[in-house]
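Worksheet: the structure to be examined is printed underneath.
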2 protein chains.
Amino acid sequence: MAQKPSIPKGTRDFGQIEMARRNYIFDSIRGVFALYGFQQIETPAMENLSTLMGKYGEEGDKLLFRIQNSGEKAALAPEKGLRYDLTVPFARYVVQHREEISFPFKRFQIQPVWRADRPQKGRYREFYQCDVDVIGSNSLVGELELIQIVEEVYRRLGIRVCLHLNNRKVLAGIAEVIGAPDKIIDITVAIDKLDKIGLEAVNAELKERGLSEEAVMALQPILNLSGTTADKLTSLRTILASSETGMKGVEELETLFSMIEATGVELNIELDLCLARGLNYYTGAIFEVKALDAQIGSITGGGRYDNLTGIFGMPDVSGVGISFGADRIYDVLTELNLFPAALQSSTQVLFATFGEAEQTYALGWAKQLRQHGIAVEVYPESTKMKKQMGYADAKQIPYVAIVGGDEMAQQKVMLKEMSTGEQKLVSKDELLQEIKK
Amino acid sequence: MAQKPSIPKGTRDFGQIEMARRNYIFDSIRGVFALYGFQQIETPAMENLSTLMGKYGEEGDKLLFRIQNSGEKAALAPEKGLRYDLTVPFARYVVQHREEISFPFKRFQIQPVWRADRPQKGRYREFYQCDVDVIGSNSLVGELELIQIVEEVYRRLGIRVCLHLNNRKVLAGIAEVIGAPDKIIDITVAIDKLDKIGLEAVNAELKERGLSEEAVMALQPILNLSGTTADKLTSLRTILASSETGMKGVEELETLFSMIEATGVELNIELDLCLARGLNYYTGAIFEVKALDAQIGSITGGGRYDNLTGIFGMPDVSGVGISFGADRIYDVLTELNLFPAALQSSTQVLFATFGEAEQTYALGWAKQLRQHGIAVEVYPESTKMKKQMGYADAKQIPYVAIVGGDEMAQQKVMLKEMSTGEQKLVSKDELLQEIKK
């Protein structure tokens, strides 16, 4: 036999079990999105390169998969590229269709993206993103709903999580009041190490990163923040009093936390000043969700942005969104053994037969069971019992209905429960009852 | 404002309504597949060019979208291409994973494919295919189940169809007995015109296409075939008596029709000797489904093949499959106005509020309604009534729950039914009852 064919590095085939599990994740998420009135859209796999280029930084441009032109244009530079994320195509979509859209626009999108990254464990060249955003409104109801969605999605999936919450305006305020407005990232990176390396080492690192003695001194109250969320907000109110931006951020956090309390959100939420993801585009709330029982990093993240569509000439459209990391959620569910067992097989009953007449008999039963919404299969060949049983085993089908001459004569089947090996002669009604229990 | 961004020629954005409709089609089909034990797989969007090249003929090779190499290999000839159909990746999948697969392998696959075709009305460069196949079995149970699936899918979608059925072996037999074994396609093309141009013109065309006088004479009984399926099969038995292949085809048809009868298939099925799709790879049954109430050509098609995986060095794997044409099914449902009205909006109730306290009140109700599985939205801003109503209209939300101070004081909301304009003051329980009816 010839050499086995293969697929490109960094891409994956998804077999039946993986697909059933992935669909379980996506269906769970989709179901929650729908409860909040978010609607699905899809954009093409390929976008014009002019839409994609310059949107992901220099490094990102290099990671775009470019598509060769066809026909006469083949010799020219490529004009199309594969979708690199769902954010830029969404911005393009909003601008292109702005006359048809009624704002606030609540959309979700679940599609693959492609990056010419060096493949490694857990990093693929093709992977799905699952984004949910509401745009065209400044209201903090957007932030609240995303938090409620996170709560409900992970409740349904059975994953215990903590949502880390920060606000870009608070970070900007901190940098401002300590007199180092351009050092937001240095400050958050340093704060993040507090637990690991201690206060003294953090202060040393801040100086290394170019903060003045005075700035480091001024930052000490922030580094010493502790207590409940309410305590932290109270301290921030004092510390940031002189920064308009900072105070705006504190107010946003206060309003959001009071909405969280008023609506009885039970999710574990931590005000986390070290959270600094997406600082180059988030302008308000910043979210990150971590699984409590698995060491895997962030499984969901997002934030508020004020200028999604500015890159396409439509300014001042504010929005807030989050993205669920399907691959990592998959890994967490696998590690914690949280996938429902019933996902393994959709088929409830396999009919095993030993001749043409028996097969016809089984096909009749199969039809009637399907009319009751029960997934059944008739083994297509009347071959050895062992082979038919092996098929049921491999597909994890819970029941095999064996049909021989005796069973036919009595208008019954011999029903074998695969997990126990128990067999009993049953009528069609008895079979229905057995399956439905 | 800058020029509106756009998408590549021949590609499409799918907005919320289109997506809801497309999901309705795919979910209907998926639900039927599951009843028969077919399981979903997915393959990567990009395949190695070596997997794709030479599989679709010279014309097909030209229509492959090639992906530029990244990094150091950028200057070399491309090594990857976008999926052109689902059949070749499926064959590659089966060969690559043959040790993990338990045969017969019943799989379905719903994914986009890409072709660098000249775009025109109804022909896209990116479109979804929806394939279902059972491979690793010669049993006609496969054909029967696909016919049952076609019946059930179109019953659920409400589309009246006719399934045209032919058999490649019968066509080969006909060509053989009239002494023109290499003229299968010419013969079927000519037969196909019988209704339009009449017997004499068909005979003339056959001669033009190189059939001898004797061959044309020998073909006359075929051209005069008429009556019921049983009549046609009886005639074919006589006509094809001298062709082993032809008789095998007649037997397959007879067996299949007897299974169709035994299982009470009510689908409109026509034995159609003119049906000649996929003659370069189908080896047994050939299917094509047409909508009776729309002029749109084939909406589903497929057949039996004996050598799917031979191209990858794994011979003698027989299978049978069909492909549902999602775009055409979409067009038929649109033309016949068969999409369920409820697809338009997932949201049942929009809460319209006029202040912060009212919004908090509404958020509390919203939470409780969602716990009952009802999709609701709270308009994120306490803005003008007209704007909030306009949003409900645009999203076709059937109910608006208006919250003012009076309503709050009474622990009620003013519920407006958008279709009638009727308003009534209701409690939470009354609202639940109203929505659930």
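Ligands are numbered from 1 in the order shown, chains are lettered A, B, ... in the order of the structure tokens, and residues start at 1 in each chain.
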
Least-squares Cα fit of chain B to chain A, output as a compact mmCIF listing (two decimals) with C-alpha atoms, in the first residue's frame:
# COMPACT_ATOMS: atom_id res chain seq x y z
CA MET B 1 -0.02 0.01 -0.11
CA ALA B 2 1.12 3.56 -0.88
CA GLN B 3 2.32 5.90 1.84
CA LYS B 4 -0.48 7.05 4.14
CA PRO B 5 -1.83 10.46 3.18
CA SER B 6 -1.55 13.17 5.82
CA ILE B 7 -2.76 16.66 6.64
CA PRO B 8 -0.80 19.92 6.87
CA LYS B 9 1.16 20.58 10.04
CA GLY B 10 -0.87 22.32 12.74
CA THR B 11 -4.25 21.21 11.36
CA ARG B 12 -6.53 18.51 12.74
CA ASP B 13 -9.14 15.98 11.73
CA PHE B 14 -12.02 15.70 14.18
CA GLY B 15 -13.45 12.19 14.46
CA GLN B 16 -16.94 11.32 15.63
CA ILE B 17 -16.22 11.43 19.35
CA GLU B 18 -14.27 14.68 19.15
CA MET B 19 -17.05 16.19 17.03
CA ALA B 20 -19.75 15.09 19.47
CA ARG B 21 -17.76 16.72 22.26
CA ARG B 22 -17.06 19.88 20.32
CA ASN B 23 -20.72 20.16 19.36
CA TYR B 24 -21.64 19.71 23.01
CA ILE B 25 -19.45 22.71 23.91
CA PHE B 26 -20.69 24.90 21.05
CA ASP B 27 -24.34 23.94 21.56
CA SER B 28 -24.09 24.72 25.29
CA ILE B 29 -22.59 28.13 24.55
CA ARG B 30 -25.03 28.85 21.71
CA GLY B 31 -27.97 27.98 23.95
CA VAL B 32 -26.90 30.57 26.50
CA PHE B 33 -26.21 33.23 23.85
CA ALA B 34 -29.75 32.75 22.53
CA LEU B 35 -31.27 33.38 25.99
CA TYR B 36 -29.75 36.86 25.86
CA GLY B 37 -30.87 37.67 22.32
CA PHE B 38 -27.49 37.29 20.64
CA GLN B 39 -27.78 36.16 17.03
CA GLN B 40 -25.32 34.29 14.88
CA ILE B 41 -23.57 35.63 11.80
CA GLU B 42 -20.89 34.11 9.55
CA THR B 43 -18.30 35.79 7.37
CA PRO B 44 -16.28 34.25 4.52
CA ALA B 45 -13.09 32.30 5.22
CA MET B 46 -11.23 34.62 2.88
CA GLU B 47 -11.11 38.37 3.19
CA ASN B 48 -9.43 40.89 0.93
CA LEU B 49 -5.85 41.35 2.10
CA SER B 50 -6.57 45.08 2.35
CA THR B 51 -9.11 44.24 5.09
CA LEU B 52 -6.62 42.16 7.06
CA MET B 53 -3.24 43.84 6.60
CA GLY B 54 -1.99 46.20 9.28
CA LYS B 55 -4.67 45.15 11.76
CA TYR B 56 -2.61 42.64 13.77
CA GLY B 57 0.72 44.41 13.96
CA GLU B 58 3.82 43.54 11.96
CA GLU B 59 4.03 40.07 13.49
CA GLY B 60 0.39 39.38 12.67
CA ASP B 61 0.81 40.39 9.02
CA LYS B 62 3.50 37.71 8.73
CA LEU B 63 1.15 35.09 10.15
CA LEU B 64 -1.60 35.68 7.59
CA PHE B 65 -2.20 32.81 5.19
CA ARG B 66 -2.28 34.36 1.72
CA ILE B 67 -4.27 32.83 -1.11
CA GLN B 68 -2.81 32.75 -4.60
CA ASN B 69 -4.78 34.49 -7.28
CA SER B 70 -6.40 32.28 -9.85
CA GLY B 71 -6.40 32.54 -13.63
CA GLU B 72 -4.76 35.52 -15.28
CA LYS B 73 -3.96 37.25 -12.03
CA ALA B 74 -1.94 34.28 -10.75
CA ALA B 75 1.38 36.05 -11.30
CA LEU B 76 0.40 39.12 -9.27
CA ALA B 77 0.78 39.55 -5.52
CA PRO B 78 -2.01 37.75 -3.61
CA GLU B 79 -5.15 39.79 -2.97
CA LYS B 80 -6.88 37.52 -0.47
CA GLY B 81 -6.01 36.03 2.89
CA LEU B 82 -7.60 33.61 5.34
CA ARG B 83 -9.46 34.98 8.35
CA TYR B 84 -6.96 35.53 11.19
CA ASP B 85 -9.51 36.22 13.92
CA LEU B 86 -13.22 37.04 14.14
CA THR B 87 -12.80 40.63 15.35
CA VAL B 88 -11.55 42.31 12.19
CA PRO B 89 -14.08 40.52 9.92
CA PHE B 90 -16.78 41.55 12.41
CA ALA B 91 -15.67 45.19 12.26
CA ARG B 92 -15.65 44.94 8.45
CA TYR B 93 -19.12 43.36 8.56
CA VAL B 94 -20.55 46.12 10.74
CA VAL B 95 -19.21 48.89 8.51
CA GLN B 96 -20.26 47.15 5.30
CA HIS B 97 -23.78 46.38 6.53
CA ARG B 98 -24.33 49.34 8.85
CA GLU B 99 -27.51 50.38 7.06
CA GLU B 100 -29.16 46.98 7.62
CA ILE B 101 -28.08 46.56 11.24
CA SER B 102 -30.25 47.78 14.09
CA PHE B 103 -28.04 48.87 16.95
CA PRO B 104 -27.26 47.85 19.65
CA PHE B 105 -26.13 44.86 17.60
CA LYS B 106 -25.85 41.65 19.61
CA ARG B 107 -24.03 39.05 17.54
CA PHE B 108 -22.08 35.88 18.05
CA GLN B 109 -19.84 34.06 15.62
CA ILE B 110 -18.33 30.57 15.81
CA GLN B 111 -15.90 29.91 12.97
CA PRO B 112 -12.37 28.68 12.36
CA VAL B 113 -9.44 31.07 11.97
CA TRP B 114 -6.02 30.41 10.47
CA ARG B 115 -2.56 31.54 11.53
CA ALA B 116 0.77 30.58 10.00
CA ASP B 117 2.22 30.18 13.48
CA ARG B 118 4.83 27.59 14.28
CA PRO B 119 2.67 24.64 15.38
CA GLN B 120 3.27 23.28 18.90
CA LYS B 121 1.36 21.53 21.65
CA GLY B 122 -1.96 23.32 22.07
CA ARG B 123 -1.23 25.79 19.27
CA TYR B 124 -2.79 25.09 15.90
CA ARG B 125 -2.77 26.70 12.47
CA GLU B 126 -6.52 26.19 12.23
CA PHE B 127 -8.71 26.61 15.29
CA TYR B 128 -12.20 27.79 16.15
CA GLN B 129 -13.01 31.05 17.82
CA CYS B 130 -16.31 31.70 19.51
CA ASP B 131 -16.96 35.42 19.94
CA VAL B 132 -19.92 37.24 21.41
CA ASP B 133 -20.22 41.04 21.31
CA VAL B 134 -22.76 43.79 21.72
CA ILE B 135 -21.86 46.95 19.89
CA GLY B 136 -23.38 50.38 19.49
CA SER B 137 -24.04 50.95 23.19
CA ASN B 138 -21.97 52.29 26.09
CA SER B 139 -24.25 50.75 28.68
CA LEU B 140 -22.69 48.56 31.37
CA VAL B 141 -25.65 46.21 30.83
CA GLY B 142 -23.38 44.78 28.13
CA GLU B 143 -20.66 43.93 30.65
CA LEU B 144 -23.24 42.55 33.08
CA GLU B 145 -24.79 40.26 30.45
CA LEU B 146 -21.42 38.89 29.39
CA ILE B 147 -20.68 38.09 33.03
CA GLN B 148 -24.07 36.39 33.34
CA ILE B 149 -23.33 34.45 30.17
CA VAL B 150 -19.97 33.30 31.53
CA GLU B 151 -21.71 32.21 34.73
CA GLU B 152 -24.39 30.23 32.90
CA VAL B 153 -22.09 28.64 30.27
CA TYR B 154 -19.71 27.26 32.89
CA ARG B 155 -22.59 26.22 35.16
CA ARG B 156 -23.96 24.18 32.25
CA LEU B 157 -20.57 22.72 31.42
CA GLY B 158 -19.89 21.98 35.09
CA ILE B 159 -16.57 23.85 35.20
CA ARG B 160 -15.81 25.90 38.34
CA VAL B 161 -14.26 29.20 37.29
CA CYS B 162 -13.09 32.57 38.56
CA LEU B 163 -13.71 35.67 36.47
CA HIS B 164 -10.94 38.25 36.81
CA LEU B 165 -12.15 41.77 36.20
CA ASN B 166 -10.18 44.94 35.62
CA ASN B 167 -10.71 48.30 33.97
CA ARG B 168 -8.36 49.98 31.58
CA LYS B 169 -9.34 53.42 32.86
CA VAL B 170 -8.28 52.44 36.40
CA LEU B 171 -4.91 51.27 35.08
CA ALA B 172 -4.53 54.51 33.15
CA GLY B 173 -5.49 56.43 36.29
CA ILE B 174 -2.86 54.64 38.35
CA ALA B 175 -0.15 55.36 35.80
CA GLU B 176 -1.32 58.98 35.74
CA VAL B 177 -1.37 59.62 39.48
CA ILE B 178 2.08 58.17 39.97
CA GLY B 179 3.36 60.36 37.15
CA ALA B 180 4.19 57.58 34.68
CA PRO B 181 1.30 57.64 32.17
CA ASP B 182 3.25 55.65 29.56
CA LYS B 183 4.12 52.78 31.92
CA ILE B 184 0.77 51.01 32.27
CA ILE B 185 2.11 47.69 31.03
CA ASP B 186 5.30 47.80 33.12
CA ILE B 187 3.22 48.53 36.19
CA THR B 188 0.73 45.70 35.65
CA VAL B 189 3.47 43.22 34.80
CA ALA B 190 5.24 44.11 38.02
CA ILE B 191 2.09 43.98 40.16
CA ASP B 192 1.39 40.57 38.70
CA LYS B 193 4.60 39.23 40.24
CA LEU B 194 3.83 40.45 43.74
CA ASP B 195 2.71 37.04 45.03
CA LYS B 196 5.70 35.27 43.54
CA ILE B 197 8.65 37.56 44.21
CA GLY B 198 7.49 39.89 47.01
CA LEU B 199 7.20 43.64 47.39
CA GLU B 200 10.89 44.50 47.47
CA ALA B 201 11.72 42.64 44.26
CA VAL B 202 8.72 44.22 42.53
CA ASN B 203 9.87 47.68 43.52
CA ALA B 204 13.35 46.92 42.22
CA GLU B 205 11.91 45.70 38.93
CA LEU B 206 9.77 48.82 38.58
CA LYS B 207 12.85 50.99 38.90
CA GLU B 208 14.65 48.83 36.34
CA ARG B 209 11.73 49.37 34.01
CA GLY B 210 12.32 53.11 34.25
CA LEU B 211 9.95 54.26 36.99
CA SER B 212 11.27 57.05 39.17
CA GLU B 213 11.78 56.66 42.93
CA GLU B 214 8.77 58.96 43.44
CA ALA B 215 6.55 56.92 41.10
CA VAL B 216 7.45 53.70 42.88
CA MET B 217 6.69 55.32 46.24
CA ALA B 218 3.38 56.63 44.93
CA LEU B 219 2.50 53.14 43.75
CA GLN B 220 2.85 51.55 47.21
CA PRO B 221 -0.79 52.03 48.26
CA ILE B 222 -1.84 50.15 45.08
CA LEU B 223 0.57 47.31 45.80
CA ASN B 224 -0.83 47.08 49.30
CA LEU B 225 -4.48 46.99 48.21
CA SER B 226 -6.29 44.21 49.96
CA GLY B 227 -9.60 43.16 51.45
CA THR B 228 -12.96 42.77 49.73
CA THR B 229 -13.85 44.26 46.39
CA ALA B 230 -15.67 47.05 48.25
CA ASP B 231 -12.53 47.76 50.29
CA LYS B 232 -10.39 47.88 47.16
CA LEU B 233 -12.81 50.22 45.41
CA THR B 234 -12.87 52.55 48.43
CA SER B 235 -9.06 52.68 48.46
CA LEU B 236 -8.93 53.27 44.70
CA ARG B 237 -11.38 56.17 45.09
CA THR B 238 -8.90 57.86 47.44
CA ILE B 239 -5.78 57.01 45.49
CA LEU B 240 -7.17 57.98 42.08
CA ALA B 241 -9.02 61.11 43.27
CA SER B 242 -6.85 63.38 41.14
CA SER B 243 -7.28 61.41 37.90
CA GLU B 244 -10.47 62.01 35.95
CA THR B 245 -9.92 58.88 33.87
CA GLY B 246 -9.14 56.80 36.94
CA MET B 247 -12.27 57.99 38.74
CA LYS B 248 -14.37 57.18 35.68
CA GLY B 249 -12.94 53.65 35.81
CA VAL B 250 -13.72 53.31 39.51
CA GLU B 251 -17.28 54.47 38.85
CA GLU B 252 -17.70 51.92 36.08
CA LEU B 253 -16.49 49.17 38.38
CA GLU B 254 -18.76 50.33 41.19
CA THR B 255 -21.80 50.45 38.92
CA LEU B 256 -20.99 47.05 37.45
CA PHE B 257 -20.48 45.44 40.86
CA SER B 258 -23.75 46.89 42.10
CA MET B 259 -25.55 45.44 39.05
CA ILE B 260 -23.84 42.11 39.69
CA GLU B 261 -25.13 42.18 43.24
CA ALA B 262 -28.62 43.35 42.31
CA THR B 263 -29.06 40.51 39.80
CA GLY B 264 -27.72 37.85 42.14
CA VAL B 265 -24.74 36.74 40.04
CA GLU B 266 -23.14 33.89 41.96
CA LEU B 267 -20.02 33.68 39.82
CA ASN B 268 -16.68 33.95 41.56
CA ILE B 269 -15.48 37.44 40.51
CA GLU B 270 -12.18 39.00 41.47
CA LEU B 271 -11.20 42.61 40.94
CA ASP B 272 -7.72 42.01 39.57
CA LEU B 273 -5.54 45.05 38.87
CA CYS B 274 -2.84 42.83 37.32
CA LEU B 275 -5.10 41.84 34.46
CA ALA B 276 -3.70 43.68 31.46
CA ARG B 277 -4.80 41.76 28.34
CA GLY B 278 -5.56 43.64 25.17
CA LEU B 279 -4.35 46.97 26.52
CA ASN B 280 -3.79 48.23 22.99
CA TYR B 281 -7.52 48.17 22.21
CA TYR B 282 -9.58 47.70 25.39
CA THR B 283 -10.79 50.98 26.83
CA GLY B 284 -13.00 49.95 29.77
CA ALA B 285 -13.71 46.60 31.39
CA ILE B 286 -11.22 43.77 30.89
CA PHE B 287 -12.26 40.16 31.55
CA GLU B 288 -10.44 36.91 31.91
CA VAL B 289 -11.88 33.59 33.07
CA LYS B 290 -9.79 30.82 34.59
CA ALA B 291 -10.78 27.29 35.49
CA LEU B 292 -10.30 26.67 39.23
CA ASP B 293 -9.58 22.94 38.91
CA ALA B 294 -7.22 22.90 35.92
CA GLN B 295 -3.90 24.62 35.25
CA ILE B 296 -4.50 25.84 31.75
CA GLY B 297 -4.55 29.65 31.75
CA SER B 298 -7.41 31.73 30.44
CA ILE B 299 -10.40 29.91 28.91
CA THR B 300 -12.46 33.03 28.13
CA GLY B 301 -11.49 36.66 27.83
CA GLY B 302 -12.52 40.00 26.45
CA GLY B 303 -13.35 43.57 27.25
CA ARG B 304 -14.84 46.92 26.26
CA TYR B 305 -13.50 48.74 23.20
CA ASP B 306 -14.44 52.21 22.00
CA ASN B 307 -13.33 52.08 18.43
CA LEU B 308 -13.82 48.68 16.82
CA THR B 309 -14.84 50.03 13.44
CA GLY B 310 -12.55 53.05 13.33
CA ILE B 311 -10.07 51.05 11.26
CA PHE B 312 -12.69 51.02 8.49
CA GLY B 313 -13.61 54.67 8.79
CA MET B 314 -16.65 54.41 11.07
CA PRO B 315 -15.62 56.07 14.36
CA ASP B 316 -17.18 56.10 17.85
CA VAL B 317 -18.83 52.68 17.86
CA SER B 318 -18.38 51.32 21.36
CA GLY B 319 -18.81 47.68 22.16
CA VAL B 320 -17.98 44.94 24.61
CA GLY B 321 -17.26 41.33 23.85
CA ILE B 322 -15.73 38.09 25.00
CA SER B 323 -14.28 35.06 23.30
CA PHE B 324 -14.64 31.47 24.51
CA GLY B 325 -11.56 29.32 23.93
CA ALA B 326 -13.09 26.11 22.60
CA ASP B 327 -9.86 24.10 22.49
CA ARG B 328 -8.97 24.91 26.08
CA ILE B 329 -12.51 24.29 27.31
CA TYR B 330 -12.31 20.92 25.55
CA ASP B 331 -9.07 20.15 27.37
CA VAL B 332 -10.51 21.17 30.76
CA LEU B 333 -13.62 19.01 30.25
CA THR B 334 -11.39 16.09 29.25
CA GLU B 335 -9.00 16.54 32.17
CA LEU B 336 -11.83 16.78 34.69
CA ASN B 337 -13.82 14.02 32.99
CA LEU B 338 -16.86 16.26 32.63
CA PHE B 339 -18.17 15.27 29.19
CA PRO B 340 -21.57 13.54 29.47
CA ALA B 341 -21.16 9.83 28.79
CA ALA B 342 -24.13 9.77 26.43
CA LEU B 343 -22.20 11.84 23.86
CA GLN B 344 -20.25 8.76 22.79
CA SER B 345 -22.99 7.32 20.66
CA SER B 346 -26.13 8.71 19.18
CA THR B 347 -27.40 5.25 18.29
CA GLN B 348 -29.57 3.56 20.94
CA VAL B 349 -30.21 0.17 19.34
CA LEU B 350 -28.37 -1.91 16.75
CA PHE B 351 -30.39 -4.63 15.02
CA ALA B 352 -28.28 -7.74 14.41
CA THR B 353 -29.73 -10.17 11.86
CA PHE B 354 -28.90 -13.55 10.32
CA GLY B 355 -30.63 -13.55 6.96
CA GLU B 356 -32.56 -11.57 4.42
CA ALA B 357 -36.00 -12.12 5.94
CA GLU B 358 -34.69 -11.14 9.38
CA GLN B 359 -33.11 -8.02 7.94
CA THR B 360 -36.38 -6.96 6.31
CA TYR B 361 -38.14 -7.58 9.64
CA ALA B 362 -35.52 -5.46 11.43
CA LEU B 363 -35.84 -2.65 8.87
CA GLY B 364 -39.56 -2.50 9.67
CA TRP B 365 -38.95 -2.22 13.41
CA ALA B 366 -36.20 0.34 12.81
CA LYS B 367 -38.58 2.54 10.89
CA GLN B 368 -41.11 2.50 13.69
CA LEU B 369 -38.56 3.20 16.42
CA ARG B 370 -37.23 6.18 14.44
CA GLN B 371 -40.77 7.53 14.27
CA HIS B 372 -40.54 7.65 18.08
CA GLY B 373 -37.35 9.71 17.72
CA ILE B 374 -35.06 6.84 18.69
CA ALA B 375 -31.78 6.53 16.79
CA VAL B 376 -31.33 2.96 15.58
CA GLU B 377 -29.22 1.10 13.07
CA VAL B 378 -29.71 -2.14 11.19
CA TYR B 379 -26.37 -3.85 10.63
CA PRO B 380 -26.23 -3.82 6.84
CA GLU B 381 -25.01 -7.37 6.38
CA SER B 382 -26.29 -10.63 7.86
CA THR B 383 -22.84 -11.68 8.91
CA LYS B 384 -21.31 -13.36 11.97
CA MET B 385 -22.78 -12.41 15.34
CA LYS B 386 -19.32 -11.55 16.64
CA LYS B 387 -18.76 -8.97 13.94
CA GLN B 388 -22.12 -7.31 14.54
CA MET B 389 -21.53 -7.22 18.31
CA GLY B 390 -18.06 -5.81 17.72
CA TYR B 391 -19.59 -2.97 15.74
CA ALA B 392 -21.99 -2.16 18.60
CA ASP B 393 -19.08 -2.22 21.04
CA ALA B 394 -16.90 0.06 18.94
CA LYS B 395 -19.73 2.56 18.56
CA GLN B 396 -20.73 2.18 22.23
CA ILE B 397 -24.31 1.38 21.26
CA PRO B 398 -26.11 0.47 24.52
CA TYR B 399 -28.57 -2.14 23.14
CA VAL B 400 -28.40 -4.84 20.47
CA ALA B 401 -31.70 -6.31 19.21
CA ILE B 402 -31.00 -9.80 17.88
CA VAL B 403 -33.38 -11.11 15.26
CA GLY B 404 -33.59 -14.80 14.37
CA GLY B 405 -36.41 -17.00 13.07
CA ASP B 406 -37.82 -17.65 16.57
CA GLU B 407 -37.98 -13.99 17.41
CA MET B 408 -39.70 -13.22 14.12
CA ALA B 409 -42.28 -15.94 14.65
CA GLN B 410 -43.20 -14.36 18.01
CA GLN B 411 -43.11 -10.77 16.67
CA LYS B 412 -40.31 -10.04 19.15
CA VAL B 413 -36.56 -9.42 19.33
CA MET B 414 -33.93 -10.66 21.76
CA LEU B 415 -32.73 -7.45 23.42
CA LYS B 416 -29.22 -7.47 24.83
CA GLU B 417 -28.11 -4.71 27.17
CA MET B 418 -24.44 -4.32 26.31
CA SER B 419 -23.28 -2.97 29.69
CA THR B 420 -24.61 -5.95 31.65
CA GLY B 421 -24.81 -8.65 28.98
CA GLU B 422 -28.41 -9.32 30.05
CA GLN B 423 -30.77 -10.60 27.37
CA LYS B 424 -34.54 -10.72 27.23
CA LEU B 425 -37.18 -11.40 24.63
CA VAL B 426 -39.26 -8.25 24.13
CA SER B 427 -42.13 -6.98 22.03
CA LYS B 428 -41.96 -3.64 20.24
CA ASP B 429 -43.76 -1.85 23.07
CA GLU B 430 -41.50 -3.41 25.68
CA LEU B 431 -38.45 -2.35 23.69
CA LEU B 432 -39.73 1.20 23.49
CA GLN B 433 -40.28 1.25 27.25
CA GLU B 434 -36.83 -0.16 27.92
CA ILE B 435 -35.11 2.44 25.71
CA LYS B 436 -37.06 5.38 27.06
CA LYS B 437 -36.29 4.65 30.71

As a PyMOL selection string, please: all residues of segment 213-437 of chain A that backbone DSSP puts in helix (DSSP H, G or I).
chain A and resi 213-223+229-239+244-262+310-312+326-335+341-344+356-371+385-394+405-409+428-436

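DSSP, applied to the backbone of this structure, assigns strand (DSSP E or B) to the following residues of segment 312-374 of chain B: Gly319, Val320, Gly321, Ile322, Ser323, Phe324, Val349, Leu350, Phe351, Ala352 and Thr353 of chain B.
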